[in-house]
Amino acid sequence: MELNYDGIRPYEASEMQQAFNDLIADRQFARMMKGFVPWLPKAARNALLRLAFTGVKTPLDFQKRFMKPVVKYIIRKHTDGCTFDDTAFPQGENRVENRYTFISNHRDIVLDSAFLDVKLIEHGYPTTVEIGIGDNLLIYPWIKRLVRMNKAFTVRRGLTPKEMLRSSQLMSSYIHYAVNTKRENIWIAQREGRAKDSDDRTQESVLKMLAMGGEGSQVEKLRDLNIVPLTISYEFDPCDYLKAQEFQLKRDNPGFKKSRQDDLDNMKTGIFGYKGRVHYHCGIPVNQWIDELADLPKNEFFTTLSQRMDSEIHRGYRLFPCNYVALDLVEGTTRYAQHYTEADKKRFEQYLAGQIEKVNVPNKDVAFLRERMLTMYANPVRNSLNL
């Protein structure tokens, strides 16, 4: 049966011009753009956008023309550099000619895939990634248009179990279609939402979803996607204080749920906050070892696969002095002092105090917030030590 992906897929080349016209006609998008260039009249802003859009035919063209310069600016302005290591891939021309499904830990709602796009192009790959993005983040029509122009497909949230099954089947089928027919790379997070405490674990449900599409056995279906465990390491997480704040709000009110404005605040803080050094590390592609798991019973297969994925992701961490400082502080030891200097420790303590100062909650519990933030920075070291 031919499945219809229109409700979830990115825009196709034939739809890009109309999507662009709708975008610049959107009042909320116009207000957002005015915030960037308040001195330019609306007519002039739109004329410049139309001029820049000249020659853009596909979502990849759009990314290279509009998004790549923006992301490179963010790297220059808000990081101390972003590096990429794909040496675990078999070398040779197939390295870039193959298509991959990157499954990564999740640090930033917007930038995880955006930084990856730039690094793939810089390292000679012919295309970027299509990304799964939750429909809970598509708050306004202009955001939905913009992300679909930027090669995003929609992951539906808040469904009943029956709806979730149908949605997962459709998304899995689409991902197989994108990798093997459209010849696109895919990026998807290892779990729904970010690991607030940076204890990165792959949800078996993500892997089971991927195995719904395609043909053959569960191993053959997953081999079809050429899965790569990808590790994203941030020296400093600009959303750390927002995550700690959420921990306290949930502790004090178990029924607390983030608002749409909270999601927007997280997106904005993640984009424009200071990140220090950022590193992307590709683990050994799953196809090089998945056949070892072929004879396992189904449930044991997915449990073992997720554990192997976790090991690859944890092995790929780039650990920074602040990670070791945090582990020593949270455990009350100096066991890892060889990994940092007194200056590193002082810098991190000052950073921590500044971030906690930003937290805005009733009955602010500084000791609790500090422990939560230290744990975020300590857990990558703990996971590395447990390999």
# chains A, B, ... in the order shown; residues from 1 in each chain; ligands from 1
$ residues_around --residues "A:Gly316" --least-positions-apart "4" --cutoff "12 Å" --atoms "only C-alpha atoms" --output "PDB file with C-alpha atoms, in the first residue's frame"
ATOM      1  CA  PHE A  84      33.449  16.991  13.997  1.00  0.00           C
ATOM      2  CA  ASP A  85      35.035  13.508  13.992  1.00  0.00           C
ATOM      3  CA  ASP A  86      33.888  10.891  11.486  1.00  0.00           C
ATOM      4  CA  THR A  87      37.029   8.730  11.584  1.00  0.00           C
ATOM      5  CA  ALA A  88      34.967   5.731  12.795  1.00  0.00           C
ATOM      6  CA  SER A 104      22.338  11.126  18.987  1.00  0.00           C
ATOM      7  CA  ASN A 105      22.091  12.310  22.533  1.00  0.00           C
ATOM      8  CA  ASP A 200      22.077   9.915  27.994  1.00  0.00           C
ATOM      9  CA  VAL A 228      25.284   5.876  13.313  1.00  0.00           C
ATOM     10  CA  PRO A 229      25.461   6.547  17.081  1.00  0.00           C
ATOM     11  CA  LEU A 230      26.395  10.243  17.358  1.00  0.00           C
ATOM     12  CA  THR A 231      27.703  11.956  20.488  1.00  0.00           C
ATOM     13  CA  ILE A 232      27.189  15.697  21.009  1.00  0.00           C
ATOM     14  CA  SER A 233      29.348  17.296  23.715  1.00  0.00           C
ATOM     15  CA  HIS A 279      32.225  18.480  19.627  1.00  0.00           C
ATOM     16  CA  TYR A 280      30.409  15.945  17.406  1.00  0.00           C
ATOM     17  CA  HIS A 281      31.727  12.383  17.408  1.00  0.00           C
ATOM     18  CA  CYS A 282      30.445   9.659  15.068  1.00  0.00           C
ATOM     19  CA  GLY A 283      30.563   6.214  16.641  1.00  0.00           C
ATOM     20  CA  ILE A 284      31.093   2.934  14.818  1.00  0.00           C
ATOM     21  CA  MET A 309      24.153   2.332  21.234  1.00  0.00           C
ATOM     22  CA  ASP A 310      24.618   3.888  24.678  1.00  0.00           C
ATOM     23  CA  SER A 311      28.165   2.510  24.935  1.00  0.00           C
ATOM     24  CA  GLU A 312      29.084   4.032  21.566  1.00  0.00           C
ATOM     25  CA  PRO A 380      29.067  12.298  31.095  1.00  0.00           C
ATOM     26  CA  VAL A 381      32.191  11.457  33.149  1.00  0.00           C
ATOM     27  CA  ASN A 383      29.010   7.230  31.923  1.00  0.00           C
ATOM     28  CA  SER A 384      32.511   7.247  30.406  1.00  0.00           C
ATOM     29  CA  LEU A 387      32.206   1.611  29.907  1.00  0.00           C
TER      30      LEU A 387
END
$ closest_residue --among "A:Thr58, A:Thr341, A:Gln261, A:Thr334" --to "A:Leu138" --atoms "only C-alpha atoms"
A:Gln261
$ closest_residue --among "A:Ile143, A:Leu137, A:Ile109, A:Val71" --to "A:Phe29" --atoms "only C-alpha atoms"
A:Ile143
$ residues_around --residues "stretch 149-159 of chain A" --least-positions-apart "5" --cutoff "8 Å" --atoms "only C-alpha atoms" --output "list in words"
Gly7, Ile8, Arg9, Pro10, Tyr11, Met16, Ala19, Pro59, Leu60, Phe62, Gln63, Val129, Glu130, Ile131, Gly132, Ile133, Gly134, Asp135, Asn136, Met164, Ser167 and Met171 of chain A
$ residues_around --residues "A:Val366" --least-positions-apart "2" --cutoff "12 Å" --atoms "only C-alpha atoms" --output "list in words"
Tyr241, Ala244, Gln245, Gln248, Leu352, Ala353, Gly354, Gln355, Ile356, Glu357, Lys358, Val359, Asn360, Val361, Pro362, Asn363, Lys364, Phe368, Leu369, Arg370, Glu371, Arg372 and Met373 of chain A
$ atom_distance --atom1 "atom CA of A:Tyr317" --atom2 "atom CA of A:Ser205"
23.4 Å
$ select_by_dssp --residues "stretch 266-309 of chain A" --states "alpha helix (DSSP H)" --output "ChimeraX atom specification"
/A:266-272,298-309
$ atom_distance --atom1 "atom CA of A:Val325" --atom2 "atom CA of A:Lys345"
6.0 Å
$ residues_around --residues "A:Thr304" --least-positions-apart "6" --cutoff "10 Å" --atoms "only C-alpha atoms" --output "number ranges by chain"
A: 204, 293, 296, 298, 310
$ write_last_selection --atoms "N, CA, C and O atoms" --output "PDB file, in the first residue's frame"
ATOM      1  N   GLU A 204      14.393   2.294  23.902  1.00  0.00           N
ATOM      2  CA  GLU A 204      14.137   1.157  23.017  1.00  0.00           C
ATOM      3  C   GLU A 204      13.000   1.468  22.047  1.00  0.00           C
ATOM      4  O   GLU A 204      12.995   0.977  20.911  1.00  0.00           O
ATOM      5  N   LEU A 293      23.836  -9.582  16.935  1.00  0.00           N
ATOM      6  CA  LEU A 293      22.635  -9.622  17.771  1.00  0.00           C
ATOM      7  C   LEU A 293      21.477 -10.349  17.103  1.00  0.00           C
ATOM      8  O   LEU A 293      20.393 -10.466  17.684  1.00  0.00           O
ATOM      9  N   LEU A 296      19.141 -13.062  18.851  1.00  0.00           N
ATOM     10  CA  LEU A 296      18.522 -12.772  20.144  1.00  0.00           C
ATOM     11  C   LEU A 296      17.000 -12.702  20.013  1.00  0.00           C
ATOM     12  O   LEU A 296      16.481 -12.273  18.978  1.00  0.00           O
ATOM     13  N   LYS A 298      13.295 -11.095  20.401  1.00  0.00           N
ATOM     14  CA  LYS A 298      12.982  -9.711  20.013  1.00  0.00           C
ATOM     15  C   LYS A 298      13.228  -8.702  21.129  1.00  0.00           C
ATOM     16  O   LYS A 298      13.922  -7.699  20.923  1.00  0.00           O
ATOM     17  N   ASP A 310      24.192   3.039  23.558  1.00  0.00           N
ATOM     18  CA  ASP A 310      24.618   3.888  24.678  1.00  0.00           C
ATOM     19  C   ASP A 310      26.130   3.838  24.853  1.00  0.00           C
ATOM     20  O   ASP A 310      26.771   4.873  25.062  1.00  0.00           O
TER      21      ASP A 310
END
$ closest_residue --among "A:Leu242, A:Asp365, A:Gly81, A:Leu48" --to "A:Leu264" --atoms "only C-alpha atoms"
A:Leu242
$ closest_residue --among "A:Lys64, A:Lys208, A:Lys250, A:Lys144" --to "A:Gln190" --atoms "only C-alpha atoms"
A:Lys208
$ residues_around --residues "A:Met33" --least-positions-apart "4" --cutoff "9 Å" --atoms "only C-alpha atoms" --output "short mmCIF file (atom, residue, chain, number, x, y, z; two decimals) with C-alpha atoms, in the first residue's frame"
data_model
loop_
_atom_site.label_atom_id
_atom_site.label_comp_id
_atom_site.auth_asym_id
_atom_site.auth_seq_id
_atom_site.Cartn_x
_atom_site.Cartn_y
_atom_site.Cartn_z
CA GLN A 28 4.23 36.97 13.32
CA PHE A 29 7.24 36.17 11.12
CA VAL A 37 16.68 44.62 11.82
CA PRO A 38 14.40 47.22 13.47
CA LYS A 42 9.03 45.98 6.23
CA ARG A 45 13.17 43.59 4.57
#
$ closest_residue --among "A:Phe236, A:Phe302, A:Trp187, A:Tyr140" --to "A:Leu23" --atoms "only C-alpha atoms"
A:Tyr140
$ select_by_dssp --residues "stretch 136-363 of chain A" --states "strand (DSSP E or B)" --output "VMD selection string"
chain A and resid 152 to 155 185 to 189 227 to 234 278 to 282
$ write_last_selection --atoms "N, CA and C atoms" --output "compact mmCIF listing (two decimals), in the first residue's frame"
# COMPACT_ATOMS: atom_id res chain seq x y z
N ALA A 152 12.77 19.47 7.81
CA ALA A 152 12.25 18.82 9.01
C ALA A 152 10.99 18.03 8.68
N PHE A 153 10.89 16.83 9.29
CA PHE A 153 9.63 16.09 9.25
C PHE A 153 9.04 16.09 10.66
N THR A 154 7.73 15.94 10.74
CA THR A 154 7.02 16.17 11.99
C THR A 154 6.84 14.88 12.78
N VAL A 155 7.19 14.95 14.07
CA VAL A 155 6.94 13.85 15.00
C VAL A 155 5.74 14.27 15.86
N ASN A 185 20.12 11.91 4.41
CA ASN A 185 20.51 11.52 5.76
C ASN A 185 19.37 11.91 6.71
N ILE A 186 19.34 11.23 7.87
CA ILE A 186 18.34 11.50 8.90
C ILE A 186 19.06 11.80 10.21
N TRP A 187 18.54 12.76 10.97
CA TRP A 187 18.95 12.92 12.38
C TRP A 187 17.73 12.75 13.26
N ILE A 188 17.89 11.95 14.32
CA ILE A 188 16.81 11.78 15.28
C ILE A 188 17.44 11.61 16.66
N ALA A 189 16.79 12.16 17.67
CA ALA A 189 17.31 12.04 19.04
C ALA A 189 17.10 10.62 19.56
N ILE A 227 22.51 3.07 10.53
CA ILE A 227 22.45 3.87 11.76
C ILE A 227 23.84 4.17 12.29
N VAL A 228 24.03 5.44 12.71
CA VAL A 228 25.28 5.88 13.31
C VAL A 228 25.00 6.47 14.70
N PRO A 229 25.57 5.90 15.76
CA PRO A 229 25.46 6.55 17.08
C PRO A 229 26.31 7.83 17.06
N LEU A 230 25.72 8.95 17.42
CA LEU A 230 26.40 10.24 17.36
C LEU A 230 26.40 10.87 18.74
N THR A 231 27.58 11.31 19.18
CA THR A 231 27.70 11.96 20.49
C THR A 231 27.90 13.46 20.31
N ILE A 232 27.07 14.25 21.01
CA ILE A 232 27.19 15.70 21.01
C ILE A 232 27.67 16.13 22.39
N SER A 233 28.79 16.83 22.44
CA SER A 233 29.35 17.30 23.71
C SER A 233 29.40 18.81 23.72
N TYR A 234 28.81 19.41 24.75
CA TYR A 234 28.91 20.85 24.99
C TYR A 234 29.78 21.07 26.23
N VAL A 278 32.29 22.83 21.46
CA VAL A 278 31.27 21.86 21.06
C VAL A 278 31.94 20.81 20.18
N HIS A 279 31.61 19.55 20.42
CA HIS A 279 32.23 18.48 19.63
C HIS A 279 31.19 17.44 19.22
N TYR A 280 31.26 17.01 17.94
CA TYR A 280 30.41 15.95 17.41
C TYR A 280 31.29 14.74 17.08
N HIS A 281 30.92 13.58 17.62
CA HIS A 281 31.73 12.38 17.41
C HIS A 281 30.85 11.26 16.86
N CYS A 282 31.16 10.79 15.66
CA CYS A 282 30.44 9.66 15.07
C CYS A 282 31.00 8.35 15.61
